[in-house]
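*Asks:* Here it is, the structure in full.
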Amino acid sequence: MREYAPPLDDMKFTLKEVVDVGSLEDFPSFTDIGLDSLDDLLEEAARFFSQVISPTNRTGDLQGSSLNQDGSVTTPDGFLEAYSQYVESGWGAISFDPEYGGGGFPWLVGIAVTEMLTAANMALSLNPMLTQGSIHALSSHGDSDQKLKWLPKLITGEWAGTMNLTEPQAGSDVGALTSKAEPQEDGSYLITGQKIYITWGEHDLTDNIVHLVLARTPDAPIGTKGISLFIVPKYLVSDDGDIGEANDVKCISLEHKLGIHASPTCVLQFGDNGGARGYLVGDENSGMKYMFTMMNQARLAVGLEGLAVTDRAYQQALEYALERRQGRRSDTPKGESALIIEHPDVRRMLMTMKAYIEAMRCLIYLNAKAIDIALSHPEESERERGKELTNLLTPLSKGWCTDLGNELTSLGIQIHGGMGFVEETGAAQHYRDIRIAGIYEGTNGIQAIDLVGRKLSMRNGEVVNELLGEIDDTISDLSDNNLSEIGDSLRQATGSLKAASIWLLQNGGGSNDEGLAGATPYLRMFGTTVGGWLMAKSALKAQSLLSESSDNKDFLEAKIETATFYAQQLLPQVSGLLPSVTSGAHSLFAINSETLRR
């Protein structure tokens with residue numbers, strides 16, 4: 001089983017030619033950080049993640065993390081050493097505020113580095129992902145003392161962060177949580193309650209773990225309006241930053257999961273001995289708003305998992321297809337077998353994986369750039385546009401890319417044939433690992449509801465219309481540059497997406513069953529169309545570069561052919577989904593619940 005090799009050529013092409021990372025140099029925040037050295041940075045990252053992190057992926061799957069009698073957790077062999085090198089190299093700090101020890105690079109650059117980490121070892125990558133979310137939440141909502149106390153070591157990765165929402169009775173319905181926070185005379189709170197499904201809630205990789213915990217203060221309103229956010233460290237920390245005694249929080253069990261075995265998914269008990277010391281972030285009863293700062297960044301990172309794990313599965317499937325001989329073609333010499341990559345159906349599967357991977361990469365990177373614009377553009381109007389685009393693209397990135405992760409890692413197994421079903425090949429690990437991504441950070445059904453209920457209606461549908469207008473402009477460019485075959489398919493898909501959008505707006509969006517019934521196919525339509533648009537932009541850029549130079553001729557021609565495949569084989573799905581969006585909810589409820597049991 002080969003180790004992961006970051007696809008640097010495609011990553012650089014997407015960064016530079018499709019989403020234009022160079023345009024960020026005009027932002028005051030990024031003027032002096034050295035985007036001109038981006039190639040060197042990416043190449044060093046590729047070396048690190050392929051050589052240091054990737055070899056731990058299989059070990060982690062086979063060994064898993066284990067819970068000890070004292071409540072501590074031991075990670076698999078090699079994890080501590082690899083993570084320590086990750087911290088020493090500074091990769092986790094690359095996109096954070098230099099004032100607290102960060103590298104100051106755009107989030108777009110950070111997401112490319114995170115892609116490599118995630119593909120190298122998804123289970124391990126979840127630790128920095130949760131830490132990054134904690135950094136975002138505290139950077140946005142913590143006071144100055146909290147930032148100075150907690151951010152520097154979270155940014156370096158010396159300490160880890162977690163997100164504590166879910167309880168046994170409160171999953172997606174976070175408002176049902178019952179954990180309590182009792183105020184103390186010194187301004188702190190004592191936290192009691194139990195949290196479940198806490199990713200990397202206990203481990204041996206860092207000196208401290210900073211839990212961000214949702215809980216209720218006395219007399220808080222019911223539901224989400226009565227939730228507050230607290231910093232609850234594993235070990236208490238003095239004002240000087242020194243680690244002190246253990247806090248009253250303990251891991252009481254680990255979940256036995258389908259995949260990501262190396263990532264300890266913990267049940268944490270707070271307050272068995274009087275209460276875990278916690279510190280309020282911001283205002284009481286504003287915790288849900290604050291947590292969404294953390295959650296929205298995490299949703300993009302989870303969407304990235306769909307891309308990253310699929311890319312690793314594709315690399316392994318491609319290598320197998322280039323080596324495995326089975327069956328014959330009409331032109332195969334007698335007595336010989338053909339390489340399976342020569343069979344049309346295997347080619348179809350490989351091209352499907354390749355085309356979707358490139359489309360997902362474009363979408364994820366565009367989403368990351370929108371975050372940079374929203375946070376750092378010097379003009380307020382552009383920051384607002386960046387925020388709107390971020391809000392629109394995030395459910396697509398999370399929902400569409402993780403749905404594809406499930407489907408495409410399954411294709412990776414199919415390409416292996418029977419050997420894909422045998423654990424020793426490693427193909428099944430990618431399929432098992434990515435399955436959780438469609439559930440993380442709000443299930444994909446929730447992403448679809450968010451899309452039709454909140455994002456579609458932004459400015460009465462004008463945010464969506466403006467994006468569709470950009471797609472129309474690209475369709476015109478395709479016709480002008482002899483790429484009309486791609487343009488025709490994109491035009492048809494866009495027309496269907498427009499029709500679905502109008503129908504949903506006219507029929508209540510996410511406010512009733514009629515709109516909700518079509519939410520999931522609508523998200524699929526939207527993601528597939530935006531993916532097709534970005535593949536078309538990729539083809540246009542490749543064609544332009546080919547006209548200027550013969551350098552990278554094979555790579556650029558492959559870009560055009562992959563976009564053509566996407567237009568011919570994948571975009572037609574969009575129009576086929578239109579009736580699923582507009583047929584309403586009748587057929588979903590035509591059979592009563594009792595009849596479904598028969």
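Identifiers in this document derive from the order of the structure tokens: chains are assigned A, B, ..., residues are numbered from 1 separately in each chain, and ligands are numbered from 1 in order of occurrence.
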Hey, what's within 6 Å of range 228-234 of chain A if we count only C-alpha atoms and toss same-chain stuff fewer than 2 positions away? As a PyMOL selection string, please?
*Replies:* chain A and resi 208-216+236+247+278-281+284-287
*Asks:* So which residues touch Ala93 in chain A within 9 Å, counting only C-alpha atoms, skipping near sequence neighbours fewer than 3 positions away, as a ChimeraX atom specification?
*Replies:* /A:87,90,96-98,101-104,110,132,154-157
*Asks:* Keeping N, CA and C atoms, export the residues of the selection given above as a PDB file, in the first residue's frame.
*Replies:*
ATOM      1  N   VAL A  87       4.157  20.001  15.614  1.00  0.00           N
ATOM      2  CA  VAL A  87       4.187  21.212  16.429  1.00  0.00           C
ATOM      3  C   VAL A  87       5.494  21.966  16.221  1.00  0.00           C
ATOM      4  N   GLY A  90       5.661  23.952  13.051  1.00  0.00           N
ATOM      5  CA  GLY A  90       4.810  25.134  12.992  1.00  0.00           C
ATOM      6  C   GLY A  90       3.681  25.068  11.995  1.00  0.00           C
ATOM      7  N   PHE A  96      -2.763  31.707  11.562  1.00  0.00           N
ATOM      8  CA  PHE A  96      -3.319  32.427  12.708  1.00  0.00           C
ATOM      9  C   PHE A  96      -2.569  33.721  12.988  1.00  0.00           C
ATOM     10  N   ASP A  97      -3.140  34.502  13.896  1.00  0.00           N
ATOM     11  CA  ASP A  97      -2.697  35.866  14.183  1.00  0.00           C
ATOM     12  C   ASP A  97      -1.248  35.891  14.671  1.00  0.00           C
ATOM     13  N   PRO A  98      -0.362  36.631  13.999  1.00  0.00           N
ATOM     14  CA  PRO A  98       1.037  36.721  14.447  1.00  0.00           C
ATOM     15  C   PRO A  98       1.178  37.281  15.852  1.00  0.00           C
ATOM     16  N   GLY A 101       1.513  34.388  17.974  1.00  0.00           N
ATOM     17  CA  GLY A 101       2.444  33.347  17.544  1.00  0.00           C
ATOM     18  C   GLY A 101       2.095  32.661  16.240  1.00  0.00           C
ATOM     19  N   GLY A 102       1.078  33.140  15.542  1.00  0.00           N
ATOM     20  CA  GLY A 102       0.697  32.532  14.267  1.00  0.00           C
ATOM     21  C   GLY A 102       1.554  33.012  13.115  1.00  0.00           C
ATOM     22  N   GLY A 103       1.395  32.345  11.974  1.00  0.00           N
ATOM     23  CA  GLY A 103       2.187  32.684  10.798  1.00  0.00           C
ATOM     24  C   GLY A 103       1.610  33.792   9.953  1.00  0.00           C
ATOM     25  N   GLY A 104       0.319  34.100  10.129  1.00  0.00           N
ATOM     26  CA  GLY A 104      -0.292  35.218   9.422  1.00  0.00           C
ATOM     27  C   GLY A 104      -0.652  34.965   7.980  1.00  0.00           C
ATOM     28  N   GLY A 110      -3.640  28.029   4.432  1.00  0.00           N
ATOM     29  CA  GLY A 110      -3.775  27.065   5.514  1.00  0.00           C
ATOM     30  C   GLY A 110      -4.625  25.871   5.136  1.00  0.00           C
ATOM     31  N   GLN A 132      -8.064  24.255  16.026  1.00  0.00           N
ATOM     32  CA  GLN A 132      -8.273  25.435  15.180  1.00  0.00           C
ATOM     33  C   GLN A 132      -9.635  26.068  15.452  1.00  0.00           C
ATOM     34  N   LEU A 154      -2.359  27.188  22.154  1.00  0.00           N
ATOM     35  CA  LEU A 154      -3.281  26.528  21.228  1.00  0.00           C
ATOM     36  C   LEU A 154      -2.798  26.707  19.795  1.00  0.00           C
ATOM     37  N   ILE A 155      -2.296  27.880  19.472  1.00  0.00           N
ATOM     38  CA  ILE A 155      -1.840  28.154  18.113  1.00  0.00           C
ATOM     39  C   ILE A 155      -0.609  27.321  17.772  1.00  0.00           C
ATOM     40  N   THR A 156       0.322  27.189  18.702  1.00  0.00           N
ATOM     41  CA  THR A 156       1.494  26.352  18.419  1.00  0.00           C
ATOM     42  C   THR A 156       1.132  24.871  18.368  1.00  0.00           C
ATOM     43  N   GLY A 157       0.038  24.503  19.016  1.00  0.00           N
ATOM     44  CA  GLY A 157      -0.328  23.096  19.110  1.00  0.00           C
ATOM     45  C   GLY A 157       0.230  22.420  20.335  1.00  0.00           C
TER      46      GLY A 157
END
*Asks:* Extract the full set of helix (DSSP H, G or I) residues from range 424-539 of chain A according to DSSP on the backbone, and format it as an MDAnalysis selection string.
*Replies:* chainID A and resid 424:425 427:438 444:455 458:480 484:506 513:517 519:539
*Asks:* For the residues in the current selection, export C-alpha atoms as an mmCIF file, in the first residue's frame.
*Replies:*
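Writing the result to out_21.cif gives the following:
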data_model
loop_
_atom_site.group_PDB
_atom_site.id
_atom_site.type_symbol
_atom_site.label_atom_id
_atom_site.label_comp_id
_atom_site.auth_asym_id
_atom_site.auth_seq_id
_atom_site.Cartn_x
_atom_site.Cartn_y
_atom_site.Cartn_z
ATOM 1 C CA GLU A 424 -5.041 -5.924 4.283
ATOM 2 C CA THR A 425 -5.080 -3.781 1.159
ATOM 3 C CA ALA A 427 -8.710 0.404 0.633
ATOM 4 C CA ALA A 428 -11.533 -0.211 3.107
ATOM 5 C CA GLN A 429 -9.980 2.080 5.728
ATOM 6 C CA HIS A 430 -10.644 5.166 3.613
ATOM 7 C CA TYR A 431 -14.286 4.115 3.195
ATOM 8 C CA ARG A 432 -14.687 3.509 6.939
ATOM 9 C CA ASP A 433 -12.855 6.645 8.009
ATOM 10 C CA ILE A 434 -14.795 9.103 5.860
ATOM 11 C CA ARG A 435 -18.237 7.765 6.781
ATOM 12 C CA ILE A 436 -18.452 9.969 9.874
ATOM 13 C CA ALA A 437 -17.878 13.189 7.899
ATOM 14 C CA GLY A 438 -21.457 13.345 6.634
ATOM 15 C CA ASN A 444 -25.804 16.627 5.760
ATOM 16 C CA GLY A 445 -29.571 16.778 6.018
ATOM 17 C CA ILE A 446 -29.120 19.740 8.346
ATOM 18 C CA GLN A 447 -26.725 21.317 5.839
ATOM 19 C CA ALA A 448 -29.413 20.976 3.167
ATOM 20 C CA ILE A 449 -32.053 22.508 5.445
ATOM 21 C CA ASP A 450 -29.665 25.369 6.205
ATOM 22 C CA LEU A 451 -29.124 25.900 2.474
ATOM 23 C CA VAL A 452 -32.824 26.112 1.552
ATOM 24 C CA GLY A 453 -33.970 27.714 4.804
ATOM 25 C CA ARG A 454 -31.332 30.400 5.384
ATOM 26 C CA LYS A 455 -28.812 30.669 2.591
ATOM 27 C CA MET A 458 -30.275 35.778 1.693
ATOM 28 C CA ARG A 459 -31.240 39.169 0.251
ATOM 29 C CA ASN A 460 -34.422 37.534 -1.066
ATOM 30 C CA GLY A 461 -32.431 35.159 -3.262
ATOM 31 C CA GLU A 462 -30.077 37.758 -4.721
ATOM 32 C CA VAL A 463 -26.909 36.160 -3.307
ATOM 33 C CA VAL A 464 -27.713 32.962 -5.188
ATOM 34 C CA ASN A 465 -28.698 34.942 -8.287
ATOM 35 C CA GLU A 466 -25.378 36.784 -8.288
ATOM 36 C CA LEU A 467 -23.471 33.500 -8.187
ATOM 37 C CA LEU A 468 -25.630 32.125 -11.003
ATOM 38 C CA GLY A 469 -24.845 35.301 -12.947
ATOM 39 C CA GLU A 470 -21.126 34.572 -12.591
ATOM 40 C CA ILE A 471 -21.763 31.095 -13.939
ATOM 41 C CA ASP A 472 -23.615 32.595 -16.929
ATOM 42 C CA ASP A 473 -20.588 34.806 -17.625
ATOM 43 C CA THR A 474 -18.370 31.725 -17.662
ATOM 44 C CA ILE A 475 -20.771 29.990 -20.068
ATOM 45 C CA SER A 476 -20.340 32.919 -22.472
ATOM 46 C CA ASP A 477 -16.565 32.654 -22.155
ATOM 47 C CA LEU A 478 -16.736 28.950 -22.970
ATOM 48 C CA SER A 479 -18.623 29.626 -26.185
ATOM 49 C CA ASP A 480 -16.074 32.262 -27.174
ATOM 50 C CA SER A 484 -19.064 25.093 -26.123
ATOM 51 C CA GLU A 485 -19.594 21.419 -25.278
ATOM 52 C CA ILE A 486 -18.764 22.193 -21.663
ATOM 53 C CA GLY A 487 -20.773 25.408 -21.885
ATOM 54 C CA ASP A 488 -23.902 23.691 -23.212
ATOM 55 C CA SER A 489 -23.923 21.169 -20.390
ATOM 56 C CA LEU A 490 -23.274 23.856 -17.794
ATOM 57 C CA ARG A 491 -26.075 26.003 -19.267
ATOM 58 C CA GLN A 492 -28.566 23.168 -18.947
ATOM 59 C CA ALA A 493 -27.506 22.432 -15.361
ATOM 60 C CA THR A 494 -27.682 26.093 -14.394
ATOM 61 C CA GLY A 495 -31.144 26.403 -15.901
ATOM 62 C CA SER A 496 -32.365 23.501 -13.788
ATOM 63 C CA LEU A 497 -30.754 24.940 -10.674
ATOM 64 C CA LYS A 498 -32.436 28.301 -11.336
ATOM 65 C CA ALA A 499 -35.792 26.586 -11.713
ATOM 66 C CA ALA A 500 -35.310 24.664 -8.472
ATOM 67 C CA SER A 501 -34.261 27.837 -6.634
ATOM 68 C CA ILE A 502 -37.313 29.761 -7.842
ATOM 69 C CA TRP A 503 -39.641 26.907 -6.880
ATOM 70 C CA LEU A 504 -38.181 26.681 -3.376
ATOM 71 C CA LEU A 505 -38.402 30.436 -2.822
ATOM 72 C CA GLN A 506 -42.004 30.433 -3.975
ATOM 73 C CA ASP A 513 -42.439 20.195 4.458
ATOM 74 C CA GLU A 514 -42.749 21.080 0.766
ATOM 75 C CA GLY A 515 -39.399 22.838 0.743
ATOM 76 C CA LEU A 516 -37.717 20.545 3.241
ATOM 77 C CA ALA A 517 -38.582 17.498 1.143
ATOM 78 C CA ALA A 519 -33.581 20.179 0.415
ATOM 79 C CA THR A 520 -31.149 17.285 0.003
ATOM 80 C CA PRO A 521 -31.520 16.893 -3.790
ATOM 81 C CA TYR A 522 -31.255 20.697 -4.055
ATOM 82 C CA LEU A 523 -27.929 20.679 -2.226
ATOM 83 C CA ARG A 524 -26.733 17.961 -4.606
ATOM 84 C CA MET A 525 -27.879 20.009 -7.607
ATOM 85 C CA PHE A 526 -26.158 23.111 -6.284
ATOM 86 C CA GLY A 527 -22.885 21.410 -5.423
ATOM 87 C CA THR A 528 -22.692 19.583 -8.734
ATOM 88 C CA THR A 529 -23.421 22.771 -10.684
ATOM 89 C CA VAL A 530 -20.873 24.869 -8.808
ATOM 90 C CA GLY A 531 -18.372 22.063 -9.257
ATOM 91 C CA GLY A 532 -19.077 22.088 -13.001
ATOM 92 C CA TRP A 533 -18.648 25.857 -13.121
ATOM 93 C CA LEU A 534 -15.274 25.695 -11.407
ATOM 94 C CA MET A 535 -14.145 22.846 -13.663
ATOM 95 C CA ALA A 536 -15.143 25.015 -16.638
ATOM 96 C CA LYS A 537 -13.067 27.904 -15.264
ATOM 97 C CA SER A 538 -10.209 25.445 -14.863
ATOM 98 C CA ALA A 539 -10.530 24.383 -18.513
#
*Asks:* Write out as a PyMOL selection string which residues come within 9 Å of range 298-308 of chain A when counting only C-alpha atoms, dropping same-chain ones fewer than 2 positions away.
*Replies:* chain A and resi 111+114-120+122+129-130+132-133+293-296+310-313+356-358+360-361+364+367-368+394-406+434+437-438+440-442
*Asks:* How would the residues just picked look written out with N, CA and C atoms as a short mmCIF file (atom, residue, chain, number, x, y, z; two decimals), in the first residue's frame?
*Replies:*
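As a result, again_3.cif now contains:
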data_model
loop_
_atom_site.label_atom_id
_atom_site.label_comp_id
_atom_site.auth_asym_id
_atom_site.auth_seq_id
_atom_site.Cartn_x
_atom_site.Cartn_y
_atom_site.Cartn_z
N ILE A 111 -5.66 26.09 4.32
CA ILE A 111 -6.54 24.98 3.96
C ILE A 111 -5.83 24.01 3.03
N THR A 114 -3.75 21.99 5.31
CA THR A 114 -4.62 21.08 6.05
C THR A 114 -5.10 19.93 5.18
N GLU A 115 -5.27 20.17 3.89
CA GLU A 115 -5.63 19.06 2.99
C GLU A 115 -4.58 17.96 3.06
N MET A 116 -3.32 18.35 3.05
CA MET A 116 -2.25 17.35 3.10
C MET A 116 -2.27 16.59 4.43
N LEU A 117 -2.43 17.32 5.53
CA LEU A 117 -2.51 16.67 6.83
C LEU A 117 -3.66 15.68 6.89
N THR A 118 -4.83 16.09 6.41
CA THR A 118 -6.02 15.26 6.49
C THR A 118 -5.91 14.01 5.63
N ALA A 119 -5.36 14.16 4.43
CA ALA A 119 -5.17 13.00 3.57
C ALA A 119 -4.12 12.06 4.13
N ALA A 120 -3.11 12.63 4.78
CA ALA A 120 -2.04 11.80 5.35
C ALA A 120 -2.56 10.95 6.50
N MET A 122 -6.39 11.13 8.53
CA MET A 122 -7.61 11.84 8.93
C MET A 122 -7.82 11.78 10.44
N MET A 129 -7.76 20.04 13.94
CA MET A 129 -8.98 20.66 13.44
C MET A 129 -9.81 21.23 14.58
N LEU A 130 -9.98 20.46 15.66
CA LEU A 130 -10.74 20.95 16.81
C LEU A 130 -10.00 22.09 17.51
N GLN A 132 -8.06 24.26 16.03
CA GLN A 132 -8.27 25.44 15.18
C GLN A 132 -9.63 26.07 15.45
N GLY A 133 -10.65 25.24 15.63
CA GLY A 133 -11.97 25.77 15.94
C GLY A 133 -11.99 26.51 17.26
N THR A 293 -19.25 30.19 15.57
CA THR A 293 -17.98 30.66 15.02
C THR A 293 -17.03 29.49 14.85
N MET A 294 -17.00 28.66 15.86
CA MET A 294 -16.16 27.47 15.83
C MET A 294 -16.71 26.44 14.85
N MET A 295 -18.01 26.28 14.86
CA MET A 295 -18.63 25.22 14.06
C MET A 295 -18.54 25.50 12.56
N ASN A 296 -18.72 26.75 12.14
CA ASN A 296 -18.68 27.04 10.71
C ASN A 296 -17.30 26.80 10.12
N THR A 310 -10.80 11.10 -0.14
CA THR A 310 -11.07 10.61 -1.49
C THR A 310 -9.81 10.64 -2.34
N ASP A 311 -9.02 11.70 -2.22
CA ASP A 311 -7.79 11.78 -3.01
C ASP A 311 -6.84 10.66 -2.66
N ARG A 312 -6.74 10.36 -1.36
CA ARG A 312 -5.87 9.24 -0.98
C ARG A 312 -6.41 7.91 -1.50
N ALA A 313 -7.72 7.73 -1.43
CA ALA A 313 -8.32 6.50 -1.96
C ALA A 313 -8.10 6.40 -3.47
N TYR A 356 -14.36 14.56 -9.79
CA TYR A 356 -14.97 15.08 -8.57
C TYR A 356 -13.91 15.63 -7.61
N ILE A 357 -12.77 14.97 -7.52
CA ILE A 357 -11.70 15.46 -6.64
C ILE A 357 -11.28 16.87 -7.06
N GLU A 358 -11.08 17.08 -8.34
CA GLU A 358 -10.66 18.40 -8.81
C GLU A 358 -11.74 19.44 -8.57
N MET A 360 -14.08 19.30 -6.17
CA MET A 360 -14.13 19.54 -4.73
C MET A 360 -13.00 20.46 -4.29
N ARG A 361 -11.82 20.24 -4.82
CA ARG A 361 -10.68 21.08 -4.43
C ARG A 361 -10.96 22.54 -4.80
N ILE A 364 -13.64 23.92 -2.23
CA ILE A 364 -13.10 24.11 -0.88
C ILE A 364 -12.17 25.31 -0.85
N ASN A 367 -14.10 28.54 -1.13
CA ASN A 367 -14.74 28.81 0.15
C ASN A 367 -13.75 29.41 1.14
N ALA A 368 -12.54 28.87 1.18
CA ALA A 368 -11.51 29.40 2.07
C ALA A 368 -11.13 30.83 1.68
N THR A 394 -20.52 27.27 2.37
CA THR A 394 -20.17 26.35 3.45
C THR A 394 -21.05 25.09 3.49
N PRO A 395 -22.39 25.19 3.39
CA PRO A 395 -23.16 23.94 3.36
C PRO A 395 -22.88 23.09 2.13
N LEU A 396 -22.49 23.71 1.01
CA LEU A 396 -22.10 22.94 -0.17
C LEU A 396 -20.80 22.20 0.10
N SER A 397 -19.82 22.92 0.65
CA SER A 397 -18.52 22.29 0.93
C SER A 397 -18.69 21.13 1.90
N LYS A 398 -19.44 21.36 2.96
CA LYS A 398 -19.60 20.32 3.96
C LYS A 398 -20.46 19.17 3.44
N GLY A 399 -21.64 19.48 2.91
CA GLY A 399 -22.58 18.44 2.53
C GLY A 399 -22.20 17.71 1.26
N TRP A 400 -21.94 18.45 0.19
CA TRP A 400 -21.66 17.83 -1.11
C TRP A 400 -20.35 17.06 -1.06
N CYS A 401 -19.32 17.64 -0.46
CA CYS A 401 -18.00 16.99 -0.48
C CYS A 401 -17.96 15.75 0.40
N THR A 402 -18.69 15.75 1.50
CA THR A 402 -18.67 14.55 2.34
C THR A 402 -19.58 13.46 1.77
N ASP A 403 -20.70 13.83 1.14
CA ASP A 403 -21.48 12.82 0.42
C ASP A 403 -20.63 12.16 -0.66
N LEU A 404 -19.89 12.97 -1.39
CA LEU A 404 -19.02 12.42 -2.42
C LEU A 404 -17.91 11.57 -1.81
N GLY A 405 -17.42 11.98 -0.65
CA GLY A 405 -16.40 11.17 0.01
C GLY A 405 -16.88 9.75 0.26
N ASN A 406 -18.14 9.61 0.71
CA ASN A 406 -18.70 8.28 0.91
C ASN A 406 -18.79 7.50 -0.39
N ILE A 434 -14.08 7.92 6.33
CA ILE A 434 -14.80 9.10 5.86
C ILE A 434 -16.28 9.04 6.18
N ALA A 437 -17.93 11.78 8.30
CA ALA A 437 -17.88 13.19 7.90
C ALA A 437 -19.25 13.74 7.52
N GLY A 438 -20.11 12.90 6.97
CA GLY A 438 -21.46 13.34 6.63
C GLY A 438 -22.35 13.56 7.85
N TYR A 440 -20.74 14.55 11.07
CA TYR A 440 -20.08 15.61 11.84
C TYR A 440 -20.68 16.99 11.60
N GLU A 441 -20.60 17.83 12.64
CA GLU A 441 -20.88 19.27 12.55
C GLU A 441 -22.23 19.60 11.91
N GLY A 442 -23.24 18.84 12.28
CA GLY A 442 -24.55 18.98 11.66
C GLY A 442 -24.64 18.04 10.48
#
*Asks:* Tell me, as a PDB file with N, CA and C atoms, in the first residue's frame, which residues lie within 9 Å of Leu254 in chain A, counting only C-alpha atoms; anything in the same chain fewer than 6 positions away does not count.
*Replies:*
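This is the output file part-v3.pdb:
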ATOM      1  N   SER A  65      -6.720   4.052  19.580  1.00  0.00           N
ATOM      2  CA  SER A  65      -6.387   4.628  20.879  1.00  0.00           C
ATOM      3  C   SER A  65      -7.072   3.807  21.966  1.00  0.00           C
ATOM      4  N   SER A  66      -6.462   3.775  23.146  1.00  0.00           N
ATOM      5  CA  SER A  66      -6.983   2.919  24.215  1.00  0.00           C
ATOM      6  C   SER A  66      -7.144   3.702  25.510  1.00  0.00           C
ATOM      7  N   LEU A  67      -8.174   3.341  26.273  1.00  0.00           N
ATOM      8  CA  LEU A  67      -8.484   3.987  27.548  1.00  0.00           C
ATOM      9  C   LEU A  67      -7.853   3.189  28.680  1.00  0.00           C
ATOM     10  N   VAL A  73      -5.734   8.333  28.128  1.00  0.00           N
ATOM     11  CA  VAL A  73      -5.838   7.667  26.825  1.00  0.00           C
ATOM     12  C   VAL A  73      -4.448   7.580  26.205  1.00  0.00           C
ATOM     13  N   TYR A 197     -19.384  11.890  22.539  1.00  0.00           N
ATOM     14  CA  TYR A 197     -18.830  12.068  21.192  1.00  0.00           C
ATOM     15  C   TYR A 197     -17.817  13.218  21.147  1.00  0.00           C
ATOM     16  N   PRO A 264      -9.548   9.268  19.518  1.00  0.00           N
ATOM     17  CA  PRO A 264     -10.350   8.876  20.682  1.00  0.00           C
ATOM     18  C   PRO A 264     -11.626   9.710  20.780  1.00  0.00           C
ATOM     19  N   THR A 265     -12.764   9.056  20.627  1.00  0.00           N
ATOM     20  CA  THR A 265     -14.066   9.709  20.746  1.00  0.00           C
ATOM     21  C   THR A 265     -14.579   9.426  22.151  1.00  0.00           C
ATOM     22  N   CYS A 266     -14.614  10.448  22.990  1.00  0.00           N
ATOM     23  CA  CYS A 266     -14.714  10.264  24.429  1.00  0.00           C
ATOM     24  C   CYS A 266     -16.085  10.608  24.994  1.00  0.00           C
ATOM     25  N   VAL A 267     -16.415   9.941  26.077  1.00  0.00           N
ATOM     26  CA  VAL A 267     -17.469  10.379  26.982  1.00  0.00           C
ATOM     27  C   VAL A 267     -16.762  11.069  28.140  1.00  0.00           C
TER      28      VAL A 267
END
*Asks:* Please identify all polymer residues within 9 Å of range 20-26 of chain A, counting only C-alpha atoms, omitting same-chain residues fewer than 5 positions from it, and present them as a compact mmCIF listing (two decimals) with C-alpha atoms, in the first residue's frame.
*Replies:*
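Writing done, so here's out-v1.txt:
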# COMPACT_ATOMS: atom_id res chain seq x y z
CA THR A 14 -6.18 25.52 -8.20
CA LEU A 15 -4.64 28.05 -5.83
CA THR A 31 1.24 42.22 2.06
CA ASP A 32 4.42 41.17 3.84
CA ILE A 33 3.93 37.47 4.57
CA GLY A 34 5.71 36.16 1.47
CA LEU A 35 3.11 34.64 -0.83
CA ASP A 36 5.84 34.67 -3.48
CA PRO A 106 -4.35 33.50 4.46
CA LEU A 108 -6.65 29.72 1.80
CA VAL A 109 -2.99 28.73 2.20
CA LYS A 369 -10.73 32.45 -0.05
CA ASP A 372 -10.17 35.56 3.82
CA ILE A 373 -12.16 38.21 1.96
CA SER A 376 -9.41 40.80 5.73
CA HIS A 377 -10.54 42.74 2.65
CA PRO A 378 -9.83 46.46 3.16
